[in-house]
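**Q** mmCIF, C-alpha atoms, saved as my_file-v3.cif, coming up:
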```
data_query
loop_
_atom_site.label_atom_id
_atom_site.label_comp_id
_atom_site.auth_asym_id
_atom_site.auth_seq_id
_atom_site.Cartn_x
_atom_site.Cartn_y
_atom_site.Cartn_z
CA MET A 1300 0.00 0.00 0.00
CA LYS A 1301 1.47 3.31 -1.10
CA VAL A 1302 1.80 6.14 1.40
CA THR A 1303 4.13 9.07 1.95
CA ILE A 1304 6.28 9.06 5.07
CA ASN A 1305 8.26 12.20 5.87
CA GLY A 1306 7.92 13.34 2.29
CA LYS A 1307 9.12 10.11 0.73
CA PRO A 1308 6.93 7.57 -1.06
CA ASP A 1309 6.84 4.27 0.80
CA ASP A 1310 5.14 0.90 0.49
CA ILE A 1311 3.68 -0.41 3.75
CA GLY A 1312 1.53 -3.32 4.90
CA GLU A 1313 -2.28 -3.17 4.62
CA GLY A 1314 -4.45 -2.39 7.62
CA LEU A 1315 -1.72 -1.09 9.92
CA ASN A 1316 -2.60 1.19 12.79
CA VAL A 1317 -0.07 3.85 13.79
CA ASP A 1318 1.53 1.61 16.40
CA GLY A 1319 1.90 -1.05 13.72
CA LEU A 1320 3.41 1.44 11.30
CA LEU A 1321 5.92 2.62 13.91
CA ALA A 1322 6.90 -1.01 14.48
CA GLU A 1323 7.12 -1.79 10.76
CA GLN A 1324 9.27 1.30 10.22
CA GLU A 1325 11.50 0.12 13.09
CA VAL A 1326 11.10 3.30 15.09
CA LYS A 1327 12.83 2.12 18.25
CA MET A 1328 11.72 4.93 20.56
CA PRO A 1329 8.12 5.68 19.55
CA GLU A 1330 7.61 7.64 22.78
CA MET A 1331 9.97 10.23 21.32
CA VAL A 1332 7.86 10.72 18.20
CA SER A 1333 4.79 12.80 17.43
CA VAL A 1334 2.81 11.55 14.45
CA GLU A 1335 0.99 13.78 12.00
CA LEU A 1336 -1.53 11.99 9.78
CA ASN A 1337 -2.77 13.98 6.77
CA GLY A 1338 -1.97 17.24 8.56
CA ASP A 1339 -3.39 16.45 11.98
CA ILE A 1340 -1.26 15.69 15.03
CA LEU A 1341 -2.54 12.45 16.54
CA ARG A 1342 -3.20 11.86 20.22
CA ARG A 1343 -1.43 8.85 21.75
CA SER A 1344 -4.77 7.02 22.00
CA GLN A 1345 -5.11 7.33 18.23
CA PHE A 1346 -1.88 5.41 17.69
CA HIS A 1347 -4.05 2.34 18.30
CA SER A 1348 -7.29 3.49 16.72
CA ALA A 1349 -6.11 5.28 13.57
CA VAL A 1350 -5.67 2.91 10.62
CA ILE A 1351 -3.40 3.96 7.77
CA LYS A 1352 -5.06 4.14 4.36
CA GLU A 1353 -3.71 4.18 0.82
CA GLY A 1354 -2.30 7.59 -0.10
CA ASP A 1355 -2.01 8.84 3.48
CA GLN A 1356 0.62 11.43 4.29
CA ILE A 1357 2.44 10.59 7.49
CA GLU A 1358 5.03 12.67 9.33
CA PHE A 1359 7.13 11.36 12.19
CA ILE A 1360 8.20 14.42 14.17
CA TYR A 1361 11.03 13.77 16.60
CA PHE A 1362 11.70 15.38 19.92
CA MET A 1363 14.99 17.21 19.66
CA GLY A 1364 16.74 18.74 22.62
CA GLY A 1365 18.62 21.80 21.98
CA GLY A 1366 21.42 24.18 22.20
CA SER A 1367 23.71 21.79 23.91
CA GLY A 1368 22.62 18.72 22.02
CA LEU A 1369 24.11 16.55 24.72
CA ASN A 1370 20.92 16.41 26.69
CA ALA A 1371 19.02 15.50 23.59
CA ILE A 1372 17.41 12.20 22.93
CA ASN A 1373 18.86 9.21 21.29
CA ARG A 1374 17.16 8.90 17.99
CA ALA A 1375 17.07 5.27 17.05
CA THR A 1376 15.68 5.15 13.57
CA ASP A 1377 16.47 5.93 9.94
CA MET B 878 8.38 55.15 15.30
CA ASP B 879 10.16 57.62 17.57
CA SER B 880 13.65 56.18 17.12
CA MET B 881 16.75 58.33 16.85
CA PRO B 882 17.99 59.16 13.36
CA LEU B 883 20.90 56.96 12.28
CA THR B 884 24.36 58.35 12.83
CA GLU B 885 26.96 58.33 10.06
CA GLN B 886 28.78 55.51 11.81
CA GLN B 887 25.59 53.48 12.01
CA ILE B 888 24.83 54.08 8.34
CA GLU B 889 28.32 52.84 7.50
CA ARG B 890 28.21 49.85 9.86
CA TYR B 891 24.84 48.63 8.64
CA SER B 892 25.20 49.75 5.01
CA ARG B 893 25.06 46.23 3.55
CA GLN B 894 21.65 45.59 5.02
CA ILE B 895 20.31 49.16 4.82
CA ILE B 896 20.82 48.85 1.07
CA LEU B 897 18.34 45.97 1.03
CA GLN B 898 15.00 47.27 -0.14
CA GLN B 899 13.19 45.32 2.60
CA VAL B 900 15.34 46.84 5.35
CA GLY B 901 16.35 50.41 4.55
CA GLY B 902 17.02 53.10 7.11
CA GLU B 903 13.60 52.63 8.64
CA GLY B 904 14.12 48.90 9.11
CA GLN B 905 17.52 49.51 10.66
CA GLN B 906 15.98 51.94 13.13
CA ARG B 907 13.37 49.36 13.92
CA LEU B 908 16.05 46.75 14.67
CA LEU B 909 17.93 49.23 16.84
CA SER B 910 14.82 49.84 18.90
CA SER B 911 14.00 46.12 19.21
CA ARG B 912 14.56 43.76 22.12
CA VAL B 913 15.36 40.06 21.69
CA LEU B 914 15.91 37.51 24.45
CA ILE B 915 18.35 34.67 23.89
CA ALA B 916 17.25 31.91 26.26
CA GLY B 917 20.33 29.75 26.64
CA ALA B 918 23.77 31.02 25.63
CA GLY B 919 24.75 27.67 24.17
CA GLY B 920 25.11 26.16 20.73
CA LEU B 921 22.01 27.76 19.24
CA GLY B 922 22.19 30.93 21.29
CA SER B 923 25.80 31.65 20.29
CA PRO B 924 25.29 32.29 16.56
CA ALA B 925 21.86 33.80 17.18
CA ALA B 926 23.27 36.34 19.66
CA MET B 927 26.30 37.15 17.51
CA TYR B 928 24.34 37.75 14.31
CA LEU B 929 21.59 39.71 16.03
CA ALA B 930 24.27 41.87 17.67
CA ALA B 931 26.04 42.39 14.36
CA ALA B 932 22.71 43.25 12.70
CA GLY B 933 22.12 45.96 15.27
CA VAL B 934 19.27 44.59 17.36
CA GLY B 935 19.41 47.31 19.98
CA THR B 936 18.76 45.31 23.13
CA ILE B 937 19.77 41.69 23.55
CA GLY B 938 18.92 39.79 26.71
CA ILE B 939 20.88 36.69 27.61
CA ALA B 940 19.31 34.22 30.04
CA ASP B 941 21.52 31.39 31.24
CA GLY B 942 22.43 30.17 34.70
CA ASP B 943 25.37 28.01 33.65
CA LYS B 944 29.10 28.46 33.52
CA VAL B 945 31.22 27.75 30.46
CA ASP B 946 32.48 24.17 30.38
CA ARG B 947 35.30 22.85 28.21
CA THR B 948 32.85 20.49 26.45
CA ASN B 949 30.84 23.53 25.31
CA LEU B 950 33.62 24.96 23.18
CA GLN B 951 33.09 22.55 20.26
CA ARG B 952 29.87 24.33 19.28
CA GLN B 953 29.16 27.29 21.60
CA VAL B 954 31.29 29.68 19.61
CA ILE B 955 30.48 32.80 21.61
CA HIS B 956 32.61 31.30 24.43
CA PHE B 957 36.37 31.08 24.08
CA THR B 958 38.87 28.74 25.72
CA ARG B 959 39.81 31.39 28.25
CA ASP B 960 36.15 31.65 29.34
CA VAL B 961 35.97 28.17 30.86
CA SER B 962 34.38 28.43 34.33
CA ARG B 963 33.01 31.95 33.71
CA PRO B 964 29.26 32.56 33.84
CA LYS B 965 27.98 32.17 30.29
CA VAL B 966 26.07 35.45 30.47
CA ASP B 967 29.28 37.36 31.24
CA SER B 968 31.23 35.64 28.50
CA ALA B 969 28.43 36.25 25.98
CA LYS B 970 27.98 39.88 26.98
CA GLU B 971 31.67 40.59 26.48
CA LYS B 972 31.66 39.13 22.94
CA ILE B 973 28.43 40.86 21.93
CA GLN B 974 29.83 44.21 23.03
CA ALA B 975 33.08 43.54 21.19
CA ILE B 976 31.12 42.76 18.02
CA ASN B 977 28.89 45.79 18.41
CA PRO B 978 29.30 48.31 21.24
CA GLY B 979 25.99 49.86 20.17
CA VAL B 980 24.04 46.92 21.58
CA ASN B 981 22.59 47.13 25.07
CA VAL B 982 23.07 43.70 26.71
CA ILE B 983 20.90 42.61 29.62
CA THR B 984 22.10 39.54 31.49
CA HIS B 985 19.82 37.18 33.38
CA ASN B 986 22.19 34.86 35.23
CA VAL B 987 19.40 32.49 36.23
CA ARG B 988 17.90 29.22 35.19
CA LEU B 989 14.47 30.00 33.77
CA ASN B 990 11.64 28.60 35.85
CA ALA B 991 7.92 29.13 36.31
CA ALA B 992 8.55 31.87 38.88
CA ASN B 993 10.76 34.06 36.68
CA ALA B 994 10.09 33.13 33.04
CA GLY B 995 6.91 35.17 32.56
CA ASP B 996 8.47 38.39 33.82
CA ILE B 997 11.63 37.88 31.81
CA VAL B 998 10.05 37.05 28.43
CA SER B 999 7.44 39.81 28.74
CA ASP B 1000 10.24 42.37 28.56
CA TYR B 1001 11.15 41.37 24.97
CA ASP B 1002 9.72 41.58 21.44
CA PHE B 1003 10.95 38.13 20.43
CA VAL B 1004 12.52 35.14 22.17
CA ILE B 1005 15.08 32.70 20.77
CA ASP B 1006 14.74 29.32 22.47
CA GLY B 1007 18.29 28.03 22.59
CA THR B 1008 17.81 25.93 25.71
CA ASP B 1009 19.17 22.45 26.06
CA ASN B 1010 16.46 20.56 27.90
CA PHE B 1011 12.84 19.70 27.38
CA ALA B 1012 11.56 21.21 30.63
CA ALA B 1013 12.94 24.59 29.55
CA LYS B 1014 11.53 24.26 26.04
CA PHE B 1015 8.03 23.65 27.36
CA LEU B 1016 8.45 26.44 29.89
CA ILE B 1017 9.44 28.96 27.20
CA ASN B 1018 6.54 27.85 25.01
CA ASP B 1019 4.08 28.28 27.85
CA ALA B 1020 5.56 31.56 29.13
CA CYS B 1021 5.52 33.07 25.64
CA TYR B 1022 1.95 31.84 25.14
CA PHE B 1023 0.72 33.46 28.34
CA GLN B 1024 2.68 36.67 27.74
CA LYS B 1025 1.83 36.72 24.00
CA VAL B 1026 5.49 36.99 23.00
CA PRO B 1027 6.61 35.47 19.67
CA PHE B 1028 9.45 32.97 19.81
CA SER B 1029 11.55 30.61 17.77
CA HIS B 1030 11.75 27.01 18.94
CA ALA B 1031 14.69 24.89 17.82
CA GLY B 1032 16.35 21.60 18.57
CA ILE B 1033 19.45 19.87 17.29
CA LEU B 1034 20.66 16.32 17.55
CA ARG B 1035 23.57 14.55 15.93
CA PHE B 1036 23.36 15.65 12.28
CA GLU B 1037 19.80 16.94 12.36
CA GLY B 1038 17.98 20.03 13.46
CA GLN B 1039 14.51 21.50 13.50
CA LEU B 1040 12.92 24.86 14.12
CA MET B 1041 9.54 26.53 14.12
CA THR B 1042 8.33 30.05 14.80
CA VAL B 1043 5.42 30.53 17.18
CA LEU B 1044 3.37 33.73 17.19
CA PRO B 1045 0.27 34.32 19.30
CA GLY B 1046 -2.44 32.30 17.57
CA THR B 1047 -0.23 29.95 15.56
CA THR B 1048 0.67 26.29 16.18
CA CYS B 1049 2.59 26.03 19.46
CA TYR B 1050 5.20 23.54 20.63
CA ARG B 1051 2.61 21.74 22.74
CA CYS B 1052 0.34 21.37 19.71
CA VAL B 1053 3.05 19.06 18.35
CA PHE B 1054 4.56 17.67 21.56
CA ARG B 1055 2.05 17.48 24.36
CA THR B 1056 4.47 16.93 27.25
CA PRO B 1057 8.19 16.23 27.69
CA PRO B 1058 9.33 12.70 26.80
CA PRO B 1059 9.28 10.09 29.55
CA ALA B 1060 12.37 10.11 31.75
CA GLY B 1061 13.46 6.63 30.74
CA ALA B 1062 13.54 7.67 27.08
CA VAL B 1063 16.32 10.16 27.69
CA PRO B 1064 19.61 8.34 27.43
CA SER B 1065 22.82 9.27 29.15
CA CYS B 1066 24.62 12.36 27.94
CA SER B 1067 27.44 10.40 26.43
CA GLN B 1068 25.13 8.49 24.10
CA ALA B 1069 23.92 11.54 22.20
CA GLY B 1070 26.03 14.10 20.42
CA VAL B 1071 25.84 16.87 17.88
CA LEU B 1072 27.92 18.36 15.14
CA GLY B 1073 28.83 21.93 16.07
CA THR B 1074 27.86 23.30 12.68
CA LEU B 1075 24.29 22.07 13.23
CA ALA B 1076 24.02 24.67 15.98
CA ALA B 1077 25.41 27.28 13.60
CA VAL B 1078 22.90 26.48 10.85
CA ILE B 1079 19.85 26.27 13.07
CA GLY B 1080 20.81 29.12 15.42
CA SER B 1081 21.40 31.39 12.41
CA LEU B 1082 18.00 30.44 11.01
CA GLN B 1083 16.47 31.39 14.37
CA ALA B 1084 18.18 34.79 14.19
CA THR B 1085 16.89 35.18 10.63
CA GLU B 1086 13.34 34.49 11.81
CA ALA B 1087 13.75 37.09 14.57
CA ILE B 1088 14.98 39.74 12.10
CA LYS B 1089 12.17 38.97 9.64
CA TYR B 1090 9.60 39.18 12.42
CA LEU B 1091 11.01 42.49 13.71
CA LEU B 1092 11.05 43.97 10.21
CA GLY B 1093 7.71 42.47 9.21
CA ILE B 1094 9.13 40.99 6.01
CA GLY B 1095 8.84 37.65 4.23
CA GLU B 1096 7.16 34.50 5.42
CA LEU B 1097 7.81 33.13 8.88
CA LEU B 1098 8.08 29.48 9.90
CA THR B 1099 4.70 29.70 11.57
CA ASP B 1100 2.53 26.58 11.39
CA THR B 1101 5.62 24.99 9.89
CA LEU B 1102 8.44 22.86 11.24
CA LEU B 1103 11.63 23.18 9.20
CA THR B 1104 13.83 20.12 9.48
CA TYR B 1105 17.44 19.91 8.36
CA ASP B 1106 19.35 16.71 7.76
CA ALA B 1107 23.00 17.56 7.32
CA LEU B 1108 24.09 14.11 6.12
CA ALA B 1109 21.45 13.94 3.40
CA VAL B 1110 21.73 17.71 2.81
CA ASN B 1111 17.97 17.96 3.01
CA PHE B 1112 15.77 20.82 4.23
CA ARG B 1113 12.07 20.01 4.58
CA LYS B 1114 9.07 22.02 5.67
CA VAL B 1115 6.48 20.04 7.60
CA ARG B 1116 3.15 21.88 7.58
CA LEU B 1117 1.46 21.99 10.97
CA LYS B 1118 -1.99 22.99 12.16
CA ARG B 1119 -3.22 24.25 15.51
CA ASN B 1120 -4.13 21.19 17.55
CA PRO B 1121 -7.67 21.51 18.94
CA HIS B 1122 -6.65 19.04 21.67
CA CYS B 1123 -3.55 21.06 22.67
CA ILE B 1124 -3.45 21.16 26.45
CA LEU B 1125 -2.20 24.77 26.33
CA CYS B 1126 -3.85 26.55 23.39
CA GLY B 1127 -6.59 24.06 22.45
CA ARG B 1128 -10.33 24.23 23.01
CA GLN B 1129 -10.17 22.84 26.54
CA PRO B 1130 -6.81 23.87 27.94
CA GLN B 1131 -5.50 21.95 30.93
CA ILE B 1132 -2.63 24.36 31.55
CA THR B 1133 -4.00 27.66 32.78
CA ILE B 1134 -1.04 28.99 34.76
CA LEU B 1135 2.69 28.78 34.15
CA ALA B 1136 4.20 25.74 35.88
CA ASP B 1137 7.49 23.87 35.73
CA GLU B 1138 7.65 20.49 34.01
CA PRO B 1139 9.56 18.04 36.15
CA GLN B 1140 13.21 18.19 35.13
CA LYS B 1141 14.20 14.85 33.59
CA GLU B 1142 17.69 14.02 34.64
CA CYS B 1143 19.77 11.95 32.31
CA ASN B 1144 21.27 8.67 33.44
CA SER B 1145 24.48 10.38 34.45
CA GLY B 1146 22.57 12.47 36.95
CA CYS B 1147 23.44 15.81 35.46
CA LYS B 1148 20.65 18.27 34.84
CA THR B 1149 21.65 20.04 31.69
CA CYS B 1150 24.79 18.20 30.68
#
```
Represent the structure from my file as structure tokens, please.

**A**
Amino acid sequence: MKVTINGKPDDIGEGLNVDGLLAEQEVKMPEMVSVELNGDILRRSQFHSAVIKEGDQIEFIYFMGGGSGLNAINRATD
Amino acid sequence: MDSMPLTEQQIERYSRQIILQQVGGEGQQRLLSSRVLIAGAGGLGSPAAMYLAAAGVGTIGIADGDKVDRTNLQRQVIHFTRDVSRPKVDSAKEKIQAINPGVNVITHNVRLNAANAGDIVSDYDFVIDGTDNFAAKFLINDACYFQKVPFSHAGILRFEGQLMTVLPGTTCYRCVFRTPPPAGAVPSCSQAGVLGTLAAVIGSLQATEAIKYLLGIGELLTDTLLTYDALAVNFRKVRLKRNPHCILCGRQPQITILADEPQKECNSGCKTC
């Protein structure tokens, strides 16, 4: 099923919810990610309820610390 | 605007930006009468403060309660080797005044918290969030929301950075990130890292947003998160919308007064690394 993740076309499994997509995309620290689905930021409860459909636009938005960088989070995906 | 006419020296100093149609003498006077707070004189705050000083932003506040550490020098370019152990606000003030003696520098040698943040940010036209921890980032977002002060949020990590500009009424940091990440998700300081030039790129973009806002020119990064991936050499704009469920600015806000988020210590036990 074709979707767009962070601006790039991707092919993902059918019928995934957001939790499933995060797992399939091997996002190792999903608690560090906000998910935008077709322009709307999802609540955590929707990670279970929202099912990804063909053509959806998904953005994973990562927490990033700041100025120092050393107190930032360990991003474990890509 | 009741600002002083530019002196000959000022016209010479700022000639390369006064010549820009979107700036002009009037824009330069506007910058000279503007006040910007740099929250955190670190990696992001260093280039932001230096460029805003060079551009002639008349009053620059520096809020930071830390001292310069040797590990800062790799990216916090406003601090020099000889400044190790000095309060960051003193080190930063000295450099800003060396770059441009015409800038009035106000130092706030404190860690921002719920008791002082509202008063401090309300004294400025624009705030640069250059802080290094999530509690401070949420605090600045909330303080600027309550005081209706525009600000630039930014974060950097490894080879990536992000920033967004928040004005009263636009998507706020909590619209995207409801609360700070869980404590266990923050690894020890030594596990993360950042390329110094990431701070330069993102901090300079924050300063650019501040100047554009002060001059009222161009498009701002409102309702937009700009992400930068240095390894892939990729800039991307992620469009954002106000979140109706935002616990700060949404329809049913749960945060109605400024409060501190619990400070998440990293595994090494330090508070800001």

**Q** Skipping near chain neighbours, those fewer than 6 positions away, what residues fall within 12 Å of Phe1346 in chain A using all atoms listed in the file, listed as a list in words?

**A**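 The contact residues come out as Leu1315, Asn1316, Val1317, Asp1318, Gly1319, Leu1320, Leu1321, Ala1322, Pro1329, Glu1330, Val1332, Ser1333, Val1334, Glu1335, Leu1336 and Ile1340 of chain A.
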
**Q** Between B:Asn1111, B:Thr984, B:Thr1099, B:Thr1008, which is the closest to Glu1037 in chain B once you count all atoms listed in the file?

**A**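 Using all atoms listed in the file, the shortest distance to Glu1037 in chain B belongs to B:Asn1111.
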
**Q** Please write as JSON, numbers by chain the full residue list that the PyMOL selection byres ((chain B) within 7 of (chain A)) yields on this file.

**A** {"B": [919, 920, 921, 922, 1007, 1008, 1009, 1010, 1011, 1031, 1032, 1033, 1034, 1053, 1054, 1058, 1063, 1064, 1066, 1068, 1069, 1070, 1071, 1076, 1116, 1117, 1118, 1120, 1149, 1150]}

**Q** One decimal, Å: what's the distance from CA of Leu1091 in chain B over to CA of Ser911 in chain B, could you say?

**A** 7.2 Å

**Q** Leaving out range 973-982 of chain B and any residue of its chain fewer than 4 positions from it, which residues lie within 10 Å of it when counting all atoms listed in the file, given as a list of chain:residue names?

**A**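 After dropping sequence-adjacent residues, the list is B:Gln887, B:Arg890, B:Leu909, B:Arg912, B:Val913, B:Leu914, B:Ser923, B:Ala926, B:Met927, B:Tyr928, B:Leu929, B:Ala930, B:Ala931, B:Ala932, B:Gly933, B:Val934, B:Gly935, B:Thr936, B:Ile937, B:Gly938, B:Ile939, B:Ile955, B:Val966, B:Asp967, B:Ser968, B:Ala969.
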
**Q** With C-alpha atoms retained, export the selected residues as a compact mmCIF listing (two decimals), in the frame of the given file.

**A**
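Heads up, here's the output in selection_21.txt:
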```
# COMPACT_ATOMS: atom_id res chain seq x y z
CA GLN B 887 25.59 53.48 12.01
CA ARG B 890 28.21 49.85 9.86
CA LEU B 909 17.93 49.23 16.84
CA ARG B 912 14.56 43.76 22.12
CA VAL B 913 15.36 40.06 21.69
CA LEU B 914 15.91 37.51 24.45
CA SER B 923 25.80 31.65 20.29
CA ALA B 926 23.27 36.34 19.66
CA MET B 927 26.30 37.15 17.51
CA TYR B 928 24.34 37.75 14.31
CA LEU B 929 21.59 39.71 16.03
CA ALA B 930 24.27 41.87 17.67
CA ALA B 931 26.04 42.39 14.36
CA ALA B 932 22.71 43.25 12.70
CA GLY B 933 22.12 45.96 15.27
CA VAL B 934 19.27 44.59 17.36
CA GLY B 935 19.41 47.31 19.98
CA THR B 936 18.76 45.31 23.13
CA ILE B 937 19.77 41.69 23.55
CA GLY B 938 18.92 39.79 26.71
CA ILE B 939 20.88 36.69 27.61
CA ILE B 955 30.48 32.80 21.61
CA VAL B 966 26.07 35.45 30.47
CA ASP B 967 29.28 37.36 31.24
CA SER B 968 31.23 35.64 28.50
CA ALA B 969 28.43 36.25 25.98
```

**Q** CA of Phe1015 in chain B and CA of Asp1137 in chain B are how many Å apart?

**A**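 Rounded to one decimal, the two atoms are 8.4 Å apart.
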
**Q** Quick one: what's the axis-aligned box for range 1125-1135 of chain B, all listed atoms, 4 Å on every side, centre and edges in Å to one decimal, as AutoDock Vina command-line options?

**A**
```
--center_x -3.8 --center_y 25.5 --center_z 28.6 --size_x 21.0 --size_y 15.0 --size_z 20.3
```

**Q** How far is it from CA of Gln1356 in chain A to CA of Gly1046 in chain B, in Å with one decimal?

**A**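 Straight-line distance from CA of Gln1356 in chain A to CA of Gly1046 in chain B works out to 24.9 Å.
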
**Q** Running the PyMOL selection byres ((chain B and resi 1080) around 7) on this model by hand, what would come out? Give it as an mmCIF file with C-alpha atoms, in the coordinates of the input.

**A**
```
data_model
loop_
_atom_site.group_PDB
_atom_site.id
_atom_site.type_symbol
_atom_site.label_atom_id
_atom_site.label_comp_id
_atom_site.auth_asym_id
_atom_site.auth_seq_id
_atom_site.Cartn_x
_atom_site.Cartn_y
_atom_site.Cartn_z
ATOM 1 C CA LEU B 921 22.010 27.760 19.240
ATOM 2 C CA GLY B 922 22.190 30.930 21.290
ATOM 3 C CA PRO B 924 25.290 32.290 16.560
ATOM 4 C CA ALA B 925 21.860 33.800 17.180
ATOM 5 C CA ALA B 1076 24.020 24.670 15.980
ATOM 6 C CA ALA B 1077 25.410 27.280 13.600
ATOM 7 C CA VAL B 1078 22.900 26.480 10.850
ATOM 8 C CA ILE B 1079 19.850 26.270 13.070
ATOM 9 C CA SER B 1081 21.400 31.390 12.410
ATOM 10 C CA LEU B 1082 18.000 30.440 11.010
ATOM 11 C CA GLN B 1083 16.470 31.390 14.370
ATOM 12 C CA ALA B 1084 18.180 34.790 14.190
#
```

**Q** What would the list of residues within 12 Å of (9.1, 5.6, 3.8) (file frame) look like as a list in words, if all atoms listed in the file are what count?

**A**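 Taken together, the residues in range are Met1300, Lys1301, Val1302, Thr1303, Ile1304, Asn1305, Gly1306, Lys1307, Pro1308, Asp1309, Asp1310, Ile1311, Gly1312, Leu1320, Leu1321, Glu1323, Gln1324, Glu1325, Val1326, Asp1355, Gln1356, Ile1357, Glu1358, Phe1359, Thr1376 and Asp1377 of chain A.
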
**Q** Please evaluate the PyMOL selection byres ((chain B and resi 881-884) around 10) against the structure above and give the resulting residues as a VMD selection string.

**A** chain B and resid 878 to 880 885 to 891 902 to 903 905 to 906 909 to 910

**Q** Within 9 Å of range 986-991 of chain B, counting only C-alpha atoms, which residues qualify if same-chain residues fewer than 2 places away don't, as a list in words?

**A**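 Surrounding residues, per the criterion: Ala916, Gly917, Ile939, Ala940, Asp941, Gly942, Asp943, Pro964, Lys965, Val966, Asp967, Thr984, Asn993, Ala994, Gly995, Ile997, Ala1013, Leu1016, Ile1017, Ala1020, Leu1135, Ala1136, Asp1137 and Glu1138 of chain B.
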
**Q** Using all atoms listed in the file, which of B:Phe1003, B:Gln1039, B:Ala1087, B:Gln1129 sits nearest Phe1112 in chain B?

**A**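 Of B:Phe1003, B:Gln1039, B:Ala1087, B:Gln1129, the one nearest Phe1112 in chain B is B:Gln1039, counting all atoms listed in the file.
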
**Q** Using only C-alpha atoms, which residue out of B:Phe1023, B:Arg1119, B:Lys944, B:Leu1097 lies closest to Cys1049 in chain B?

**A** B:Arg1119

**Q** Go through B:Thr1074, B:Ser1029, B:Gln898, B:Asn1018 and flag the residue nearest Tyr1050 in chain B, using all atoms listed in the file for the distances.

**A** B:Asn1018
